[in-house]
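What's in my_file01.pdb: PDB, C-alpha atoms
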ATOM      1  CA  MET A   6     -17.152 -15.991   8.169
ATOM      2  CA  LYS A   7     -17.674 -18.949   5.817
ATOM      3  CA  GLU A   8     -15.768 -17.277   3.000
ATOM      4  CA  ASN A   9     -12.543 -17.648   4.978
ATOM      5  CA  LYS A  10     -12.650 -21.470   5.371
ATOM      6  CA  ARG A  11     -10.417 -21.968   2.320
ATOM      7  CA  TRP A  12      -7.430 -20.494   4.201
ATOM      8  CA  LEU A  13      -7.467 -23.125   6.908
ATOM      9  CA  PHE A  14      -5.206 -25.635   5.165
ATOM     10  CA  MET A  15      -1.619 -25.550   3.880
ATOM     11  CA  LEU A  16      -1.249 -21.765   3.667
ATOM     12  CA  PRO A  17       1.464 -19.626   5.312
ATOM     13  CA  ILE A  18      -1.109 -17.463   7.128
ATOM     14  CA  ASN A  19      -4.599 -18.523   8.201
ATOM     15  CA  ILE A  20      -7.097 -15.744   8.745
ATOM     16  CA  ASP A  21      -7.860 -17.059  12.233
ATOM     17  CA  GLU A  22      -4.240 -16.356  13.214
ATOM     18  CA  ILE A  23      -4.261 -12.671  12.295
ATOM     19  CA  PRO A  24      -4.342 -10.431  15.405
ATOM     20  CA  ASN A  25      -7.560  -8.564  16.144
ATOM     21  CA  GLU A  26      -5.769  -5.201  15.916
ATOM     22  CA  ILE A  27      -5.032  -5.911  12.254
ATOM     23  CA  ILE A  28      -8.421  -7.478  11.470
ATOM     24  CA  ASP A  29     -10.124  -4.406  12.937
ATOM     25  CA  TYR A  30      -8.095  -2.120  10.660
ATOM     26  CA  LEU A  31      -8.823  -4.241   7.585
ATOM     27  CA  ASP A  32     -12.544  -4.282   8.515
ATOM     28  CA  SER A  33     -13.157  -7.493   6.572
ATOM     29  CA  VAL A  34     -10.842  -9.739   4.547
ATOM     30  CA  ILE A  35     -11.879 -10.509   0.976
ATOM     31  CA  ASP A  36      -8.860 -12.466  -0.242
ATOM     32  CA  ILE A  37      -5.224 -13.259   0.587
ATOM     33  CA  LYS A  38      -2.580 -14.185  -1.984
ATOM     34  CA  PHE A  39       0.910 -15.420  -1.190
ATOM     35  CA  PRO A  40       3.673 -14.259  -3.546
ATOM     36  CA  ARG A  41       7.039 -15.969  -3.905
ATOM     37  CA  GLN A  42       9.119 -14.942  -0.904
ATOM     38  CA  GLY A  43      12.185 -15.622   1.200
ATOM     39  CA  HIS A  44      12.429 -17.754   4.328
ATOM     40  CA  THR A  45      12.534 -14.994   6.932
ATOM     41  CA  SER A  46       8.805 -14.178   6.967
ATOM     42  CA  ASP A  47       5.356 -15.171   5.755
ATOM     43  CA  VAL A  48       4.036 -12.530   3.353
ATOM     44  CA  GLY A  49       0.491 -12.144   2.100
ATOM     45  CA  ILE A  50      -1.199  -9.616  -0.191
ATOM     46  CA  VAL A  51      -4.510  -8.864   1.510
ATOM     47  CA  ASP A  52      -7.570  -7.511  -0.254
ATOM     48  CA  SER A  53      -9.966  -6.068   2.304
ATOM     49  CA  SER A  54     -12.910  -3.725   2.479
ATOM     50  CA  ASN A  55     -10.405  -1.077   3.611
ATOM     51  CA  GLY A  56      -8.058  -1.574   0.637
ATOM     52  CA  ARG A  57      -5.081  -3.707  -0.385
ATOM     53  CA  PHE A  58      -2.157  -4.249   1.980
ATOM     54  CA  VAL A  59       0.948  -6.313   2.568
ATOM     55  CA  LEU A  60       0.809  -8.508   5.685
ATOM     56  CA  LYS A  61       4.054  -9.874   7.139
ATOM     57  CA  ARG A  62       4.394 -12.429   9.907
ATOM     58  CA  THR A  63       7.715 -13.499  11.451
ATOM     59  CA  LYS A  64       8.422 -16.317  13.907
ATOM     60  CA  GLY A  65      11.347 -16.765  16.267
ATOM     61  CA  GLU A  66      13.565 -14.322  18.131
ATOM     62  CA  GLN A  67      15.875 -13.447  15.243
ATOM     63  CA  TYR A  68      13.258 -12.821  12.569
ATOM     64  CA  CYS A  69      10.937 -10.987  14.958
ATOM     65  CA  SER A  70      13.767  -8.616  15.847
ATOM     66  CA  TRP A  71      14.327  -8.007  12.127
ATOM     67  CA  LEU A  72      10.672  -7.112  11.605
ATOM     68  CA  SER A  73      10.748  -4.812  14.623
ATOM     69  CA  ASN A  74      13.843  -3.090  13.200
ATOM     70  CA  GLU A  75      12.174  -2.747   9.810
ATOM     71  CA  VAL A  76       9.043  -1.172  11.255
ATOM     72  CA  GLY A  77      11.153   1.237  13.291
ATOM     73  CA  ALA A  78      13.219   2.246  10.266
ATOM     74  CA  LEU A  79      10.124   2.831   8.136
ATOM     75  CA  LYS A  80       8.547   5.016  10.810
ATOM     76  CA  TYR A  81      11.690   7.120  11.251
ATOM     77  CA  LEU A  82      12.036   7.521   7.473
ATOM     78  CA  ASN A  83       8.359   8.297   6.941
ATOM     79  CA  ASN A  84       8.959  12.032   6.459
ATOM     80  CA  THR A  85      11.680  11.603   3.822
ATOM     81  CA  LEU A  86      11.177  11.511   0.052
ATOM     82  CA  LEU A  87      12.301   7.900  -0.193
ATOM     83  CA  PRO A  88       9.930   5.442  -1.941
ATOM     84  CA  ILE A  89       9.097   3.281   1.065
ATOM     85  CA  PRO A  90       5.896   1.678   2.393
ATOM     86  CA  LYS A  91       3.862   3.121   5.237
ATOM     87  CA  VAL A  92       3.298   1.056   8.380
ATOM     88  CA  TYR A  93      -0.351   0.795   9.410
ATOM     89  CA  ARG A  94      -0.176  -1.730  12.230
ATOM     90  CA  PHE A  95       2.543  -3.594  14.130
ATOM     91  CA  VAL A  96       1.720  -6.329  16.637
ATOM     92  CA  GLU A  97       4.191  -8.302  18.751
ATOM     93  CA  GLN A  98       2.908 -11.560  20.224
ATOM     94  CA  THR A  99       5.685 -12.248  22.720
ATOM     95  CA  GLU A 100       4.093 -15.370  24.147
ATOM     96  CA  LYS A 101       4.087 -16.974  20.682
ATOM     97  CA  ILE A 102       7.433 -15.397  19.694
ATOM     98  CA  GLN A 103       5.907 -13.979  16.539
ATOM     99  CA  SER A 104       5.250 -10.519  15.134
ATOM    100  CA  TRP A 105       2.951  -9.000  12.511
ATOM    101  CA  ALA A 106       3.153  -5.889  10.353
ATOM    102  CA  LEU A 107       0.509  -4.428   8.053
ATOM    103  CA  LEU A 108       2.195  -2.362   5.349
ATOM    104  CA  GLU A 109       1.320  -0.251   2.337
ATOM    105  CA  PHE A 110       0.924  -2.204  -0.908
ATOM    106  CA  PHE A 111       2.657  -1.103  -4.113
ATOM    107  CA  GLU A 112       1.693  -2.460  -7.528
ATOM    108  CA  GLY A 113       4.587  -4.087  -9.349
ATOM    109  CA  GLU A 114       7.146  -6.870  -9.175
ATOM    110  CA  THR A 115      10.660  -7.250  -7.825
ATOM    111  CA  LEU A 116      13.545  -6.005  -9.939
ATOM    112  CA  ARG A 117      14.753  -9.606 -10.174
ATOM    113  CA  GLN A 118      11.445 -10.635 -11.750
ATOM    114  CA  ALA A 119      11.405  -7.629 -14.071
ATOM    115  CA  LEU A 120      14.985  -8.130 -15.241
ATOM    116  CA  THR A 121      14.498 -11.862 -15.774
ATOM    117  CA  LYS A 122      11.529 -11.229 -18.081
ATOM    118  CA  GLU A 123      13.074  -8.296 -19.975
ATOM    119  CA  LYS A 124      14.874  -9.401 -23.156
ATOM    120  CA  ASN A 125      15.824  -5.982 -24.512
ATOM    121  CA  ARG A 126      19.368  -5.196 -23.344
ATOM    122  CA  ASN A 127      18.903  -1.406 -23.456
ATOM    123  CA  ARG A 128      15.752  -1.532 -21.340
ATOM    124  CA  LYS A 129      17.520  -3.825 -18.907
ATOM    125  CA  HIS A 130      20.302  -1.287 -18.526
ATOM    126  CA  GLU A 131      17.757   1.475 -17.957
ATOM    127  CA  MET A 132      16.221  -0.542 -15.135
ATOM    128  CA  ILE A 133      19.611  -1.263 -13.579
ATOM    129  CA  PHE A 134      20.470   2.443 -13.939
ATOM    130  CA  SER A 135      17.308   3.268 -11.937
ATOM    131  CA  PHE A 136      18.352   0.690  -9.355
ATOM    132  CA  GLY A 137      21.630   2.561  -8.863
ATOM    133  CA  ALA A 138      19.893   5.937  -8.840
ATOM    134  CA  VAL A 139      17.510   5.000  -6.019
ATOM    135  CA  LEU A 140      20.440   3.774  -3.932
ATOM    136  CA  ALA A 141      22.127   7.134  -4.475
ATOM    137  CA  GLN A 142      18.919   8.747  -3.204
ATOM    138  CA  ILE A 143      19.041   6.578  -0.091
ATOM    139  CA  HIS A 144      22.698   7.347   0.597
ATOM    140  CA  SER A 145      22.147  11.078   0.146
ATOM    141  CA  THR A 146      19.173  11.155   2.551
ATOM    142  CA  SER A 147      19.968  12.432   6.029
ATOM    143  CA  CYS A 148      19.922   9.562   8.517
ATOM    144  CA  PRO A 149      17.423  10.080  11.375
ATOM    145  CA  LYS A 150      19.251  10.197  14.702
ATOM    146  CA  ASP A 151      17.101   7.339  16.018
ATOM    147  CA  LEU A 152      18.641   5.013  13.415
ATOM    148  CA  ILE A 153      22.249   5.793  14.384
ATOM    149  CA  TRP A 154      23.862   3.120  16.535
ATOM    150  CA  ASP A 155      25.914   4.021  19.589
ATOM    151  CA  SER A 156      28.871   2.045  18.231
ATOM    152  CA  ILE A 157      30.739   2.159  14.911
ATOM    153  CA  TRP A 158      28.704   0.328  12.258
ATOM    154  CA  LEU A 159      31.363  -2.178  11.182
ATOM    155  CA  GLU A 160      32.376  -3.000  14.754
ATOM    156  CA  GLU A 161      28.740  -3.634  15.649
ATOM    157  CA  MET A 162      28.209  -5.749  12.528
ATOM    158  CA  LEU A 163      31.211  -7.907  13.414
ATOM    159  CA  ARG A 164      29.860  -8.310  16.934
ATOM    160  CA  ARG A 165      26.476  -9.354  15.545
ATOM    161  CA  ALA A 166      28.177 -11.682  13.068
ATOM    162  CA  GLU A 167      29.886 -13.449  15.973
ATOM    163  CA  TYR A 168      26.587 -13.716  17.845
ATOM    164  CA  ASN A 169      24.820 -15.110  14.767
ATOM    165  CA  LEU A 170      27.614 -17.639  14.233
ATOM    166  CA  LYS A 171      27.154 -18.930  17.784
ATOM    167  CA  HIS A 172      23.360 -18.933  17.899
ATOM    168  CA  TYR A 173      22.020 -19.405  14.347
ATOM    169  CA  SER A 174      22.720 -21.299  11.158
ATOM    170  CA  VAL A 175      24.809 -19.024   8.911
ATOM    171  CA  ASP A 176      27.041 -19.485   5.859
ATOM    172  CA  GLY A 177      30.028 -17.860   7.570
ATOM    173  CA  THR A 178      32.681 -19.702   9.603
ATOM    174  CA  SER A 179      34.879 -18.847  12.574
ATOM    175  CA  VAL A 180      37.893 -18.703  10.243
ATOM    176  CA  LEU A 181      36.151 -16.215   7.964
ATOM    177  CA  LEU A 182      35.069 -14.092  10.913
ATOM    178  CA  GLU A 183      38.663 -13.829  12.161
ATOM    179  CA  GLU A 184      39.767 -12.781   8.676
ATOM    180  CA  LEU A 185      37.103 -10.065   8.641
ATOM    181  CA  LYS A 186      38.219  -8.780  12.026
ATOM    182  CA  THR A 187      41.866  -8.714  10.954
ATOM    183  CA  ASN A 188      41.525  -7.284   7.435
ATOM    184  CA  LYS A 189      38.982  -4.471   7.721
ATOM    185  CA  PRO A 190      38.689  -2.050   4.795
ATOM    186  CA  LEU A 191      39.782   1.526   5.313
ATOM    187  CA  PRO A 192      36.870   3.534   6.767
ATOM    188  CA  ILE A 193      34.934   5.974   4.606
ATOM    189  CA  GLU A 194      32.203   8.495   5.359
ATOM    190  CA  ASN A 195      29.098   6.693   6.539
ATOM    191  CA  THR A 196      25.586   7.422   5.265
ATOM    192  CA  LEU A 197      22.053   6.196   5.678
ATOM    193  CA  ILE A 198      22.109   2.639   4.319
ATOM    194  CA  HIS A 199      19.396   0.113   3.521
ATOM    195  CA  GLY A 200      21.338  -2.878   4.818
ATOM    196  CA  ASP A 201      19.991  -5.481   2.362
ATOM    197  CA  PHE A 202      19.877  -3.643  -0.937
ATOM    198  CA  THR A 203      19.292  -6.460  -3.416
ATOM    199  CA  ILE A 204      17.238  -6.853  -6.577
ATOM    200  CA  ASP A 205      14.638  -8.716  -4.497
ATOM    201  CA  ASN A 206      13.979  -5.679  -2.293
ATOM    202  CA  VAL A 207      13.160  -3.122  -4.981
ATOM    203  CA  ILE A 208       9.675  -3.077  -6.542
ATOM    204  CA  PHE A 209       9.372  -2.006 -10.195
ATOM    205  CA  HIS A 210       6.273  -1.015 -12.146
ATOM    206  CA  ASP A 211       6.058   0.436 -15.658
ATOM    207  CA  GLY A 212       9.849   0.588 -15.834
ATOM    208  CA  LYS A 213      10.239   2.674 -12.685
ATOM    209  CA  VAL A 214      11.194   2.079  -9.071
ATOM    210  CA  LYS A 215       7.990   2.188  -7.053
ATOM    211  CA  CYS A 216       9.155   1.055  -3.635
ATOM    212  CA  VAL A 217      12.166  -0.155  -1.643
ATOM    213  CA  ILE A 218      11.161  -2.809   0.898
ATOM    214  CA  ASP A 219      12.669  -4.868   3.760
ATOM    215  CA  TRP A 220      14.388  -2.165   5.810
ATOM    216  CA  SER A 221      15.446  -4.255   8.816
ATOM    217  CA  GLY A 222      19.089  -3.232   8.262
ATOM    218  CA  GLY A 223      18.354   0.467   7.809
ATOM    219  CA  THR A 224      20.878   2.512   9.805
ATOM    220  CA  PHE A 225      23.886   4.833   9.588
ATOM    221  CA  GLY A 226      26.604   2.670   8.072
ATOM    222  CA  ASP A 227      29.102   1.943   5.327
ATOM    223  CA  PRO A 228      27.537   2.577   1.887
ATOM    224  CA  ARG A 229      29.906   0.028   0.321
ATOM    225  CA  TYR A 230      27.875  -2.714   2.006
ATOM    226  CA  ASP A 231      24.757  -1.707   0.051
ATOM    227  CA  LEU A 232      26.770  -1.384  -3.153
ATOM    228  CA  SER A 233      28.292  -4.840  -2.752
ATOM    229  CA  LEU A 234      24.932  -6.529  -2.267
ATOM    230  CA  ALA A 235      23.401  -4.582  -5.136
ATOM    231  CA  ILE A 236      25.839  -5.806  -7.792
ATOM    232  CA  ARG A 237      25.955  -9.471  -6.732
ATOM    233  CA  PRO A 238      25.760 -11.594  -9.905
ATOM    234  CA  LYS A 239      22.266 -12.963 -10.508
ATOM    235  CA  PRO A 240      21.274 -15.190 -13.473
ATOM    236  CA  ASN A 241      19.342 -13.330 -16.185
ATOM    237  CA  ALA A 242      19.442 -10.150 -14.086
ATOM    238  CA  ILE A 243      22.862  -8.697 -13.243
ATOM    239  CA  GLU A 244      25.514 -10.737 -15.012
ATOM    240  CA  THR A 245      27.927  -8.661 -17.075
ATOM    241  CA  ASN A 246      30.348  -5.781 -16.605
ATOM    242  CA  SER A 247      28.041  -3.606 -18.692
ATOM    243  CA  ASP A 248      25.209  -4.348 -16.239
ATOM    244  CA  ILE A 249      27.417  -3.277 -13.332
ATOM    245  CA  ASN A 250      28.555  -0.183 -15.240
ATOM    246  CA  SER A 251      24.903   0.796 -15.766
ATOM    247  CA  PHE A 252      24.328   0.470 -12.034
ATOM    248  CA  PHE A 253      27.231   2.764 -11.137
ATOM    249  CA  GLU A 254      26.194   5.255 -13.826
ATOM    250  CA  GLY A 255      22.853   5.470 -12.043
ATOM    251  CA  TYR A 256      24.554   5.701  -8.664
ATOM    252  CA  GLY A 257      26.705   8.568  -9.943
ATOM    253  CA  LYS A 258      30.149   7.362  -8.812
ATOM    254  CA  LYS A 259      32.115   4.252  -7.993
ATOM    255  CA  ILE A 260      33.392   4.025  -4.409
ATOM    256  CA  LEU A 261      33.928   0.265  -4.316
ATOM    257  CA  ASP A 262      36.947  -1.786  -5.376
ATOM    258  CA  GLU A 263      37.252  -5.560  -5.780
ATOM    259  CA  ARG A 264      38.783  -6.144  -2.351
ATOM    260  CA  GLU A 265      36.020  -4.155  -0.619
ATOM    261  CA  TYR A 266      33.362  -5.998  -2.618
ATOM    262  CA  LYS A 267      34.736  -9.367  -1.497
ATOM    263  CA  TYR A 268      34.956  -8.196   2.129
ATOM    264  CA  PHE A 269      31.295  -7.223   2.269
ATOM    265  CA  GLU A 270      29.579  -9.604  -0.164
ATOM    266  CA  ASP A 271      31.716 -12.742   0.154
ATOM    267  CA  GLY A 272      32.564 -12.053   3.789
ATOM    268  CA  LEU A 273      30.363 -10.052   6.129
ATOM    269  CA  TYR A 274      27.078 -10.882   4.400
ATOM    270  CA  ALA A 275      27.693 -14.603   5.022
ATOM    271  CA  PHE A 276      26.718 -14.072   8.666
ATOM    272  CA  PHE A 277      23.393 -12.387   7.880
TER     273      PHE A 277
END
Write out the structure in this file as structure tokens.
Amino acid sequence: MKENKRWLFMLPINIDEIPNEIIDYLDSVIDIKFPRQGHTSDVGIVDSSNGRFVLKRTKGEQYCSWLSNEVGALKYLNNTLLPIPKVYRFVEQTEKIQSWALLEFFEGETLRQALTKEKNRNRKHEMIFSFGAVLAQIHSTSCPKDLIWDSIWLEEMLRRAEYNLKHYSVDGTSVLLEELKTNKPLPIENTLIHGDFTIDNVIFHDGKVKCVIDWSGGTFGDPRYDLSLAIRPKPNAIETNSDINSFFEGYGKKILDEREYKYFEDGLYAFF
């Protein structure tokens, strides 16, 4: 396997690290590219004799649990009409505290990248409109019973926020957490939610939504959480009131006020 020697230095994933179960499915690896990504996982675009795929590797208890949740959500949502990737292989290496997932590849770029490059204001609004429309599709999709928690979504999220505050490095503080516990928004009807619906987790191609990725937070929960994360201000992407209006036009209604937005985006999200 001489052609794979170039991956042995300074790359997020070396071919020698990939589990045999995944290598066997790929048949043989031709190339791996590493796109710009977040800090929760190593992500590679793999060209193989069996096709092109996305390979994700997580390390550590927290991030491995997120990948496990994502794989579970994708499998339970596989029979819906949502634009989501298929899962081909999932491998947990408990002794190394790391996990791997081989996922379907979709041509395109993140909405953040697409919006940053687009200079035409009308086309930008069309893209943001589509962003809102796909979230409406998610929220109107029946939530599989396997994704419904035993406890109320917000109560469980606050419990997890407290755990994360004690065990991990988060932006939230104990003072903020107490405020969130004391000043909860009035409950509304819960729906299937994505749980991290940002412009980095929607793939666009030819002006259309091709795929929604990173489903580790997929569950039955408060749709205002998704809405709050979706409209977070981002330079050269979502910046103005007209941008936000285009999003809610695509979504079909506005069920989020300023206080609720601050609770979820400036508050709860700080612990995740």
At a cut-off of 7 Å, using all atoms listed in the file, what residues contact region 226-238 of chain A? Leave out same-chain residues fewer than 2 positions from it and give the result as a PDB file with C-alpha atoms, in the coordinates of the input.
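Saved file around20.pdb follows:
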ATOM      1  CA  HIS A 144      22.698   7.347   0.597  1.00  0.00           C
ATOM      2  CA  TRP A 158      28.704   0.328  12.258  1.00  0.00           C
ATOM      3  CA  ASN A 195      29.098   6.693   6.539  1.00  0.00           C
ATOM      4  CA  THR A 196      25.586   7.422   5.265  1.00  0.00           C
ATOM      5  CA  LEU A 197      22.053   6.196   5.678  1.00  0.00           C
ATOM      6  CA  ILE A 198      22.109   2.639   4.319  1.00  0.00           C
ATOM      7  CA  HIS A 199      19.396   0.113   3.521  1.00  0.00           C
ATOM      8  CA  GLY A 200      21.338  -2.878   4.818  1.00  0.00           C
ATOM      9  CA  ASP A 201      19.991  -5.481   2.362  1.00  0.00           C
ATOM     10  CA  PHE A 202      19.877  -3.643  -0.937  1.00  0.00           C
ATOM     11  CA  THR A 203      19.292  -6.460  -3.416  1.00  0.00           C
ATOM     12  CA  ILE A 204      17.238  -6.853  -6.577  1.00  0.00           C
ATOM     13  CA  THR A 224      20.878   2.512   9.805  1.00  0.00           C
ATOM     14  CA  PRO A 240      21.274 -15.190 -13.473  1.00  0.00           C
ATOM     15  CA  ILE A 243      22.862  -8.697 -13.243  1.00  0.00           C
ATOM     16  CA  GLU A 244      25.514 -10.737 -15.012  1.00  0.00           C
ATOM     17  CA  ILE A 249      27.417  -3.277 -13.332  1.00  0.00           C
ATOM     18  CA  LEU A 261      33.928   0.265  -4.316  1.00  0.00           C
ATOM     19  CA  TYR A 266      33.362  -5.998  -2.618  1.00  0.00           C
ATOM     20  CA  PHE A 269      31.295  -7.223   2.269  1.00  0.00           C
ATOM     21  CA  GLU A 270      29.579  -9.604  -0.164  1.00  0.00           C
TER      22      GLU A 270
END
Under the rule that only C-alpha atoms are counted, which of A:Leu107, A:Lys129, A:Cys148, A:Asn25 is the nearest residue to Asn83 (chain A)?
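Once distances to Asn83 (chain A) are computed over only C-alpha atoms, the minimum belongs to A:Cys148.
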For Tyr168 (chain A), the closest of A:Leu182, A:Val59, A:Cys216, A:Ile89 counting all atoms listed in the file is A:Leu182
List the residues matched by the PyMOL selection byres ((chain A and resi 191) around 12) in the displayed structure as JSON, numbers by chain, ordered by chain and then by residue number.
{"A": [159, 187, 188, 189, 190, 192, 193, 194, 195, 227, 229, 260, 261, 262, 264, 265, 268]}
What's around Ile18 (chain A) at 12 Å? Count only C-alpha atoms, leave out sequence neighbours fewer than 6 positions away in its own chain, and write the answer as a VMD selection string.
chain A and resid 9 11 to 12 24 36 to 39 46 to 51 60 to 64 105
Pull the neighbourhood of (6.5, 5.5, -10.1) for me: all residues within 12 Å in file coordinates, counting all atoms listed in the file, as a list in words.
Leu87, Pro88, Ile89, Phe111, Glu112, Gly113, Ser135, Val139, Ile208, Phe209, His210, Asp211, Gly212, Lys213, Val214, Lys215, Cys216 and Val217 of chain A
Could you work out an axis-aligned box for region 207-217 of chain A, taking every atom the file lists and adding 6 Å on each side, and report centre and edge lengths in Å to one decimal, as lines of an AutoDock Vina configuration file?
center_x = 9.6
center_y = -0.2
center_z = -8.7
size_x = 19.1
size_y = 17.8
size_z = 26.2
For CA of Gly223 (chain A) and CA of Asn55 (chain A), quote the distance in Å rounded to one decimal.
29.1 Å
Could I get region 170-184 of chain A rebuilt with N, CA and C atoms, written as a PDB file, in the frame of the given file?
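Resulting contents of rebuild-v2.pdb:
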ATOM      1  N   LEU A 170      26.854 -16.409  14.434  1.00  0.00           N
ATOM      2  CA  LEU A 170      27.614 -17.639  14.233  1.00  0.00           C
ATOM      3  C   LEU A 170      27.399 -18.615  15.386  1.00  0.00           C
ATOM      4  N   LYS A 171      27.307 -18.085  16.595  1.00  0.00           N
ATOM      5  CA  LYS A 171      27.154 -18.930  17.784  1.00  0.00           C
ATOM      6  C   LYS A 171      25.726 -19.418  17.985  1.00  0.00           C
ATOM      7  N   HIS A 172      24.748 -18.634  17.543  1.00  0.00           N
ATOM      8  CA  HIS A 172      23.360 -18.933  17.899  1.00  0.00           C
ATOM      9  C   HIS A 172      22.468 -19.361  16.736  1.00  0.00           C
ATOM     10  N   TYR A 173      22.880 -19.097  15.487  1.00  0.00           N
ATOM     11  CA  TYR A 173      22.020 -19.405  14.347  1.00  0.00           C
ATOM     12  C   TYR A 173      22.813 -20.153  13.272  1.00  0.00           C
ATOM     13  N   SER A 174      22.087 -20.663  12.312  1.00  0.00           N
ATOM     14  CA  SER A 174      22.720 -21.299  11.158  1.00  0.00           C
ATOM     15  C   SER A 174      23.069 -20.223  10.129  1.00  0.00           C
ATOM     16  N   VAL A 175      24.358 -20.031   9.856  1.00  0.00           N
ATOM     17  CA  VAL A 175      24.809 -19.024   8.911  1.00  0.00           C
ATOM     18  C   VAL A 175      25.802 -19.659   7.940  1.00  0.00           C
ATOM     19  N   ASP A 176      26.080 -18.981   6.842  1.00  0.00           N
ATOM     20  CA  ASP A 176      27.041 -19.485   5.859  1.00  0.00           C
ATOM     21  C   ASP A 176      28.483 -19.218   6.286  1.00  0.00           C
ATOM     22  N   GLY A 177      28.685 -18.223   7.139  1.00  0.00           N
ATOM     23  CA  GLY A 177      30.028 -17.860   7.570  1.00  0.00           C
ATOM     24  C   GLY A 177      30.626 -18.864   8.538  1.00  0.00           C
ATOM     25  N   THR A 178      31.952 -18.813   8.699  1.00  0.00           N
ATOM     26  CA  THR A 178      32.681 -19.702   9.603  1.00  0.00           C
ATOM     27  C   THR A 178      33.512 -18.882  10.580  1.00  0.00           C
ATOM     28  N   SER A 179      34.024 -19.532  11.610  1.00  0.00           N
ATOM     29  CA  SER A 179      34.879 -18.847  12.574  1.00  0.00           C
ATOM     30  C   SER A 179      36.160 -18.355  11.916  1.00  0.00           C
ATOM     31  N   VAL A 180      36.679 -19.123  10.963  1.00  0.00           N
ATOM     32  CA  VAL A 180      37.893 -18.703  10.243  1.00  0.00           C
ATOM     33  C   VAL A 180      37.622 -17.435   9.446  1.00  0.00           C
ATOM     34  N   LEU A 181      36.507 -17.403   8.738  1.00  0.00           N
ATOM     35  CA  LEU A 181      36.151 -16.215   7.964  1.00  0.00           C
ATOM     36  C   LEU A 181      35.957 -15.010   8.874  1.00  0.00           C
ATOM     37  N   LEU A 182      35.305 -15.203   9.995  1.00  0.00           N
ATOM     38  CA  LEU A 182      35.069 -14.092  10.913  1.00  0.00           C
ATOM     39  C   LEU A 182      36.383 -13.497  11.402  1.00  0.00           C
ATOM     40  N   GLU A 183      37.356 -14.333  11.724  1.00  0.00           N
ATOM     41  CA  GLU A 183      38.663 -13.829  12.161  1.00  0.00           C
ATOM     42  C   GLU A 183      39.350 -13.051  11.053  1.00  0.00           C
ATOM     43  N   GLU A 184      39.195 -13.512   9.820  1.00  0.00           N
ATOM     44  CA  GLU A 184      39.767 -12.781   8.676  1.00  0.00           C
ATOM     45  C   GLU A 184      39.123 -11.404   8.545  1.00  0.00           C
TER      46      GLU A 184
END
